$ cat data.cif   # mmCIF, C-alpha atoms
data_target
#
loop_
_atom_site.label_atom_id
_atom_site.label_comp_id
_atom_site.auth_asym_id
_atom_site.auth_seq_id
_atom_site.Cartn_x
_atom_site.Cartn_y
_atom_site.Cartn_z
CA MET A 1 -12.27 61.97 45.54
CA ILE A 2 -14.77 59.37 46.69
CA LEU A 3 -13.71 57.46 49.81
CA THR A 4 -13.91 53.70 49.51
CA TYR A 5 -14.41 50.84 51.92
CA PRO A 6 -12.86 50.23 54.47
CA ASN A 7 -12.17 53.93 55.14
CA PRO A 8 -13.30 54.50 58.76
CA ILE A 9 -15.03 57.81 57.94
CA LEU A 10 -17.68 55.77 56.13
CA ARG A 11 -18.52 54.00 59.40
CA ARG A 12 -18.92 57.08 61.62
CA PRO A 13 -22.33 58.70 61.98
CA ALA A 14 -22.15 62.25 60.62
CA ARG A 15 -23.06 65.24 62.75
CA PRO A 16 -25.90 67.69 62.04
CA VAL A 17 -25.02 70.81 60.09
CA ASP A 18 -26.73 74.18 59.64
CA PRO A 19 -27.22 74.82 55.91
CA GLY A 20 -26.60 78.54 56.45
CA SER A 21 -23.29 78.01 58.19
CA ARG A 22 -19.94 78.18 56.46
CA GLU A 23 -19.54 74.42 57.01
CA GLY A 24 -22.96 73.77 55.45
CA GLN A 25 -22.26 75.96 52.45
CA GLU A 26 -18.85 74.34 51.94
CA ALA A 27 -20.44 70.88 52.14
CA ALA A 28 -23.05 71.79 49.50
CA SER A 29 -20.36 73.21 47.23
CA ALA A 30 -18.09 70.18 47.67
CA LEU A 31 -20.99 67.77 47.02
CA ARG A 32 -21.89 69.60 43.80
CA ALA A 33 -18.27 69.63 42.62
CA ALA A 34 -17.80 65.91 43.32
CA PHE A 35 -21.20 65.00 41.85
CA GLY A 36 -20.24 66.69 38.60
CA THR A 37 -17.37 64.22 38.14
CA ILE A 38 -19.28 60.97 38.71
CA GLU A 39 -22.22 59.05 37.31
CA ALA A 40 -24.57 58.46 40.20
CA LEU A 41 -27.96 59.37 41.61
CA GLY A 42 -26.72 60.38 45.03
CA LEU A 43 -23.73 61.23 47.16
CA ALA A 44 -23.31 61.66 50.92
CA ALA A 45 -20.92 64.19 52.44
CA ASN A 46 -18.97 61.54 54.37
CA GLN A 47 -18.18 59.81 51.05
CA ILE A 48 -16.04 62.84 50.23
CA GLY A 49 -14.55 63.09 53.72
CA LEU A 50 -16.96 65.59 55.27
CA PRO A 51 -18.48 64.24 58.51
CA VAL A 52 -21.72 66.23 58.23
CA ARG A 53 -25.34 65.22 57.58
CA ALA A 54 -25.64 66.45 54.00
CA VAL A 55 -26.51 64.55 50.84
CA LEU A 56 -26.93 65.43 47.20
CA VAL A 57 -29.60 63.46 45.33
CA ARG A 58 -31.05 63.53 41.84
CA LEU A 59 -34.83 63.43 42.12
CA GLY A 60 -36.29 63.37 38.62
CA GLU A 61 -34.30 65.96 36.68
CA GLU A 62 -33.48 68.02 39.76
CA GLU A 63 -30.33 67.80 41.88
CA ARG A 64 -31.02 68.69 45.51
CA VAL A 65 -28.77 69.12 48.50
CA LEU A 66 -30.54 68.04 51.68
CA PHE A 67 -29.26 68.77 55.17
CA ASN A 68 -29.95 66.59 58.20
CA PRO A 69 -32.31 64.23 56.33
CA GLU A 70 -34.24 61.75 58.44
CA ILE A 71 -36.54 58.99 57.32
CA VAL A 72 -39.65 59.46 59.43
CA GLU A 73 -41.87 56.82 57.77
CA ARG A 74 -41.19 53.59 55.88
CA SER A 75 -43.75 51.40 54.17
CA ALA A 76 -44.07 47.84 55.41
CA GLU A 77 -43.80 46.69 51.80
CA LEU A 78 -40.22 45.87 50.85
CA VAL A 79 -38.74 45.80 47.37
CA VAL A 80 -35.58 43.83 46.62
CA ASP A 81 -33.44 45.29 43.85
CA ARG A 82 -29.82 45.48 42.74
CA GLU A 83 -27.82 48.15 44.47
CA GLY A 84 -24.28 49.38 44.18
CA CYS A 85 -22.26 52.11 45.83
CA LEU A 86 -19.50 54.52 44.84
CA SER A 87 -17.69 53.54 48.05
CA LEU A 88 -17.77 49.85 47.03
CA PRO A 89 -17.10 50.19 43.30
CA GLY A 90 -17.47 47.21 41.02
CA VAL A 91 -19.86 45.13 43.11
CA GLU A 92 -23.62 44.97 43.52
CA ALA A 93 -26.11 42.94 45.51
CA GLU A 94 -29.85 42.43 45.87
CA VAL A 95 -30.86 44.72 48.76
CA PRO A 96 -34.27 44.90 50.47
CA ARG A 97 -35.57 48.43 51.03
CA ALA A 98 -38.90 49.98 51.93
CA ARG A 99 -40.95 50.69 48.81
CA ASP A 100 -42.08 54.11 50.10
CA VAL A 101 -40.55 56.56 52.56
CA VAL A 102 -41.20 59.98 54.00
CA VAL A 103 -38.05 62.04 54.47
CA GLN A 104 -37.78 65.27 56.41
CA ALA A 105 -34.82 67.55 55.81
CA VAL A 106 -33.73 71.15 55.38
CA ASP A 107 -32.89 72.52 51.93
CA GLU A 108 -30.03 74.84 51.01
CA GLY A 109 -32.16 77.89 51.71
CA GLY A 110 -32.87 76.69 55.25
CA ALA A 111 -36.49 75.69 54.53
CA PHE A 112 -37.98 72.54 56.01
CA VAL A 113 -38.92 69.98 53.35
CA GLU A 114 -40.91 66.77 53.56
CA LEU A 115 -40.52 64.37 50.65
CA HIS A 116 -42.89 61.48 49.95
CA LEU A 117 -40.88 59.10 47.80
CA SER A 118 -41.48 55.74 46.14
CA GLU A 119 -39.51 53.06 44.34
CA LEU A 120 -36.09 54.23 43.03
CA GLU A 121 -36.20 57.63 44.77
CA ALA A 122 -37.15 55.98 48.07
CA ARG A 123 -34.27 53.51 47.64
CA LEU A 124 -31.89 56.37 46.85
CA LEU A 125 -32.75 58.35 49.99
CA GLN A 126 -32.56 55.25 52.18
CA HIS A 127 -29.10 54.51 50.76
CA GLU A 128 -27.81 58.07 51.32
CA VAL A 129 -29.32 58.41 54.82
CA ASP A 130 -27.69 55.08 55.68
CA HIS A 131 -24.35 56.57 54.58
CA ILE A 132 -24.58 59.54 56.93
CA ASN A 133 -25.58 57.12 59.69
CA GLY A 134 -22.38 55.13 59.10
CA THR A 135 -24.11 52.19 57.38
CA LEU A 136 -23.22 50.64 54.02
CA TYR A 137 -25.64 48.61 51.92
CA VAL A 138 -23.62 45.45 52.58
CA ASP A 139 -24.64 45.75 56.24
CA LEU A 140 -28.23 45.00 55.16
CA LEU A 141 -27.29 41.69 53.55
CA ALA A 142 -27.35 38.22 55.04
CA LYS A 143 -23.96 37.24 56.49
CA ASP A 144 -23.00 34.88 53.63
CA GLU A 145 -24.02 37.36 50.94
CA ARG A 146 -22.12 40.18 52.69
CA ARG A 147 -19.03 37.94 52.82
CA ARG A 148 -19.37 37.13 49.11
CA VAL A 149 -19.78 40.78 48.05
CA LEU A 150 -16.85 41.99 50.17
CA ALA A 151 -14.62 39.15 48.88
CA GLU A 152 -15.58 40.09 45.30
CA PHE A 153 -14.80 43.75 46.10
CA ARG A 154 -11.36 42.88 47.49
CA LEU A 155 -10.54 40.73 44.47
CA ALA A 156 -11.64 43.51 42.11
CA ARG A 157 -9.28 45.86 43.97
CA GLY A 158 -6.39 43.44 43.52
CA GLY A 159 -6.45 42.11 47.06
CA GLN A 160 -6.94 38.73 48.56
CA PRO A 161 -10.32 37.68 49.93
CA LYS A 162 -10.49 37.58 53.71
CA GLU A 163 -13.04 37.58 56.47
CA PRO A 164 -14.74 40.98 56.82
CA THR A 165 -14.64 42.75 60.15
CA PRO A 166 -18.02 42.50 61.89
CA SER A 167 -20.22 45.56 61.44
CA PRO A 168 -20.91 47.75 64.46
#

$ encode --input "data.cif" --output "structure tokens"
Amino acid sequence: MILTYPNPILRRPARPVDPGSREGQEAASALRAAFGTIEALGLAANQIGLPVRAVLVRLGEEERVLFNPEIVERSAELVVDREGCLSLPGVEAEVPRARDVVVQAVDEGGAFVELHLSELEARLLQHEVDHINGTLYVDLLAKDERRRVLAEFRLARGGQPKEPTPSP
């Protein structure tokens, strides 16, 4: 089950995990199982209730589990594009992200990997790394746009619009 806003787990930075540990292997398995039931390009462990730094992303035709990913370089050039999130279903917004990123992580076999990504794949990794850092894409929006998106989300969920709680 995918956790949705405002679940507090989504706001807590996840802790590092060793891919060879039982916890790391269970996270990879749980991510794969959950990913098989959704239509998405990526999923972070905390979205399924696991507070560890693990993400599953589809890069090209390949699904990869990455542990402890960190963005070590971002291009100065930003691209604004529509973005949504499984944890905020039914709403989207125009989100600025770096066009290119370099991500360092550890793969399931324990090997260090460095990924040089552009465009959609760069956006995807930025989104998922934000998740494990406790950040949602709405946090990157201007205050009025964030308010609008969260009000739309609440209405779509059958609730009443209200003022969002300030982000940490």

$ resolve_selection --input "data.cif" --expression "the PyMOL selection byres ((chain A and resi 116) around 6)" --output "mmCIF file with C-alpha atoms, keeping the file's coordinate frame"
data_model
loop_
_atom_site.group_PDB
_atom_site.id
_atom_site.type_symbol
_atom_site.label_atom_id
_atom_site.label_comp_id
_atom_site.auth_asym_id
_atom_site.auth_seq_id
_atom_site.Cartn_x
_atom_site.Cartn_y
_atom_site.Cartn_z
ATOM 1 C CA VAL A 102 -41.200 59.980 54.000
ATOM 2 C CA LEU A 115 -40.520 64.370 50.650
ATOM 3 C CA LEU A 117 -40.880 59.100 47.800
#

$ closest_residue --input "data.cif" --among "A:Glu63, A:Leu141, A:Leu155, A:Asn7" --to "A:Arg82" --atoms "all atoms listed in the file"
A:Leu141

$ atom_distance --input "data.cif" --atom1 "atom CA of A:Ser21" --atom2 "atom CA of A:Ala45"
15.2 Å

$ closest_residue --input "data.cif" --among "A:Arg53, A:Arg74, A:Arg147, A:Arg157" --to "A:Val106" --atoms "only C-alpha atoms"
A:Arg53

$ atom_distance --input "data.cif" --atom1 "atom CA of A:Gly42" --atom2 "atom CA of A:Ala142"
24.3 Å

$ resolve_selection --input "data.cif" --expression "the PyMOL selection byres ((chain A and resi 134) around 7)" --output "PyMOL selection string"
chain A and resi 10-13+130-133+135-136

$ build_atoms --input "data.cif" --residues "stretch 69-91 of chain A" --atoms "N, CA and C atoms" --output "mmCIF file, in the frame of the given file"
data_model
loop_
_atom_site.group_PDB
_atom_site.id
_atom_site.type_symbol
_atom_site.label_atom_id
_atom_site.label_comp_id
_atom_site.auth_asym_id
_atom_site.auth_seq_id
_atom_site.Cartn_x
_atom_site.Cartn_y
_atom_site.Cartn_z
ATOM 1 N N PRO A 69 -31.127 65.022 56.717
ATOM 2 C CA PRO A 69 -32.310 64.230 56.330
ATOM 3 C C PRO A 69 -32.553 63.085 57.304
ATOM 4 N N GLU A 70 -33.815 62.858 57.575
ATOM 5 C CA GLU A 70 -34.240 61.750 58.440
ATOM 6 C C GLU A 70 -35.413 61.056 57.782
ATOM 7 N N ILE A 71 -35.403 59.754 57.814
ATOM 8 C CA ILE A 71 -36.540 58.990 57.320
ATOM 9 C C ILE A 71 -37.507 58.860 58.491
ATOM 10 N N VAL A 72 -38.692 59.435 58.332
ATOM 11 C CA VAL A 72 -39.650 59.460 59.430
ATOM 12 C C VAL A 72 -40.764 58.428 59.243
ATOM 13 N N GLU A 73 -40.899 57.896 58.035
ATOM 14 C CA GLU A 73 -41.870 56.820 57.770
ATOM 15 C C GLU A 73 -41.302 55.919 56.706
ATOM 16 N N ARG A 74 -41.560 54.603 56.879
ATOM 17 C CA ARG A 74 -41.190 53.590 55.880
ATOM 18 C C ARG A 74 -42.403 52.691 55.683
ATOM 19 N N SER A 75 -42.655 52.339 54.440
ATOM 20 C CA SER A 75 -43.750 51.400 54.170
ATOM 21 C C SER A 75 -43.346 50.017 54.662
ATOM 22 N N ALA A 76 -44.335 49.225 55.012
ATOM 23 C CA ALA A 76 -44.070 47.840 55.410
ATOM 24 C C ALA A 76 -43.658 47.010 54.196
ATOM 25 N N GLU A 77 -44.123 47.436 53.024
ATOM 26 C CA GLU A 77 -43.800 46.690 51.800
ATOM 27 C C GLU A 77 -42.332 46.920 51.429
ATOM 28 N N LEU A 78 -41.618 45.813 51.251
ATOM 29 C CA LEU A 78 -40.220 45.870 50.850
ATOM 30 C C LEU A 78 -40.084 45.526 49.376
ATOM 31 N N VAL A 79 -39.089 46.118 48.747
ATOM 32 C CA VAL A 79 -38.740 45.800 47.370
ATOM 33 C C VAL A 79 -37.269 45.414 47.367
ATOM 34 N N VAL A 80 -36.967 44.284 46.743
ATOM 35 C CA VAL A 80 -35.580 43.830 46.620
ATOM 36 C C VAL A 80 -35.108 44.184 45.220
ATOM 37 N N ASP A 81 -33.974 44.887 45.141
ATOM 38 C CA ASP A 81 -33.440 45.290 43.850
ATOM 39 C C ASP A 81 -31.921 45.379 43.946
ATOM 40 N N ARG A 82 -31.273 45.379 42.780
ATOM 41 C CA ARG A 82 -29.820 45.480 42.740
ATOM 42 C C ARG A 82 -29.391 46.875 43.180
ATOM 43 N N GLU A 83 -28.326 46.887 43.958
ATOM 44 C CA GLU A 83 -27.820 48.150 44.470
ATOM 45 C C GLU A 83 -26.307 48.105 44.460
ATOM 46 N N GLY A 84 -25.718 49.230 44.138
ATOM 47 C CA GLY A 84 -24.280 49.380 44.180
ATOM 48 C C GLY A 84 -23.950 50.644 44.956
ATOM 49 N N CYS A 85 -22.671 50.953 45.030
ATOM 50 C CA CYS A 85 -22.260 52.110 45.830
ATOM 51 C C CYS A 85 -20.915 52.616 45.323
ATOM 52 N N LEU A 86 -20.770 53.926 45.249
ATOM 53 C CA LEU A 86 -19.500 54.520 44.840
ATOM 54 C C LEU A 86 -18.376 54.163 45.803
ATOM 55 N N SER A 87 -18.700 53.886 47.051
ATOM 56 C CA SER A 87 -17.690 53.540 48.050
ATOM 57 C C SER A 87 -17.344 52.052 48.042
ATOM 58 N N LEU A 88 -18.063 51.275 47.255
ATOM 59 C CA LEU A 88 -17.770 49.850 47.030
ATOM 60 C C LEU A 88 -17.858 49.611 45.524
ATOM 61 N N PRO A 89 -16.972 50.261 44.754
ATOM 62 C CA PRO A 89 -17.100 50.190 43.300
ATOM 63 C C PRO A 89 -16.883 48.780 42.762
ATOM 64 N N GLY A 90 -17.658 48.468 41.721
ATOM 65 C CA GLY A 90 -17.470 47.210 41.020
ATOM 66 C C GLY A 90 -18.279 46.038 41.520
ATOM 67 N N VAL A 91 -19.040 46.221 42.598
ATOM 68 C CA VAL A 91 -19.860 45.130 43.110
ATOM 69 C C VAL A 91 -21.284 45.617 43.359
#
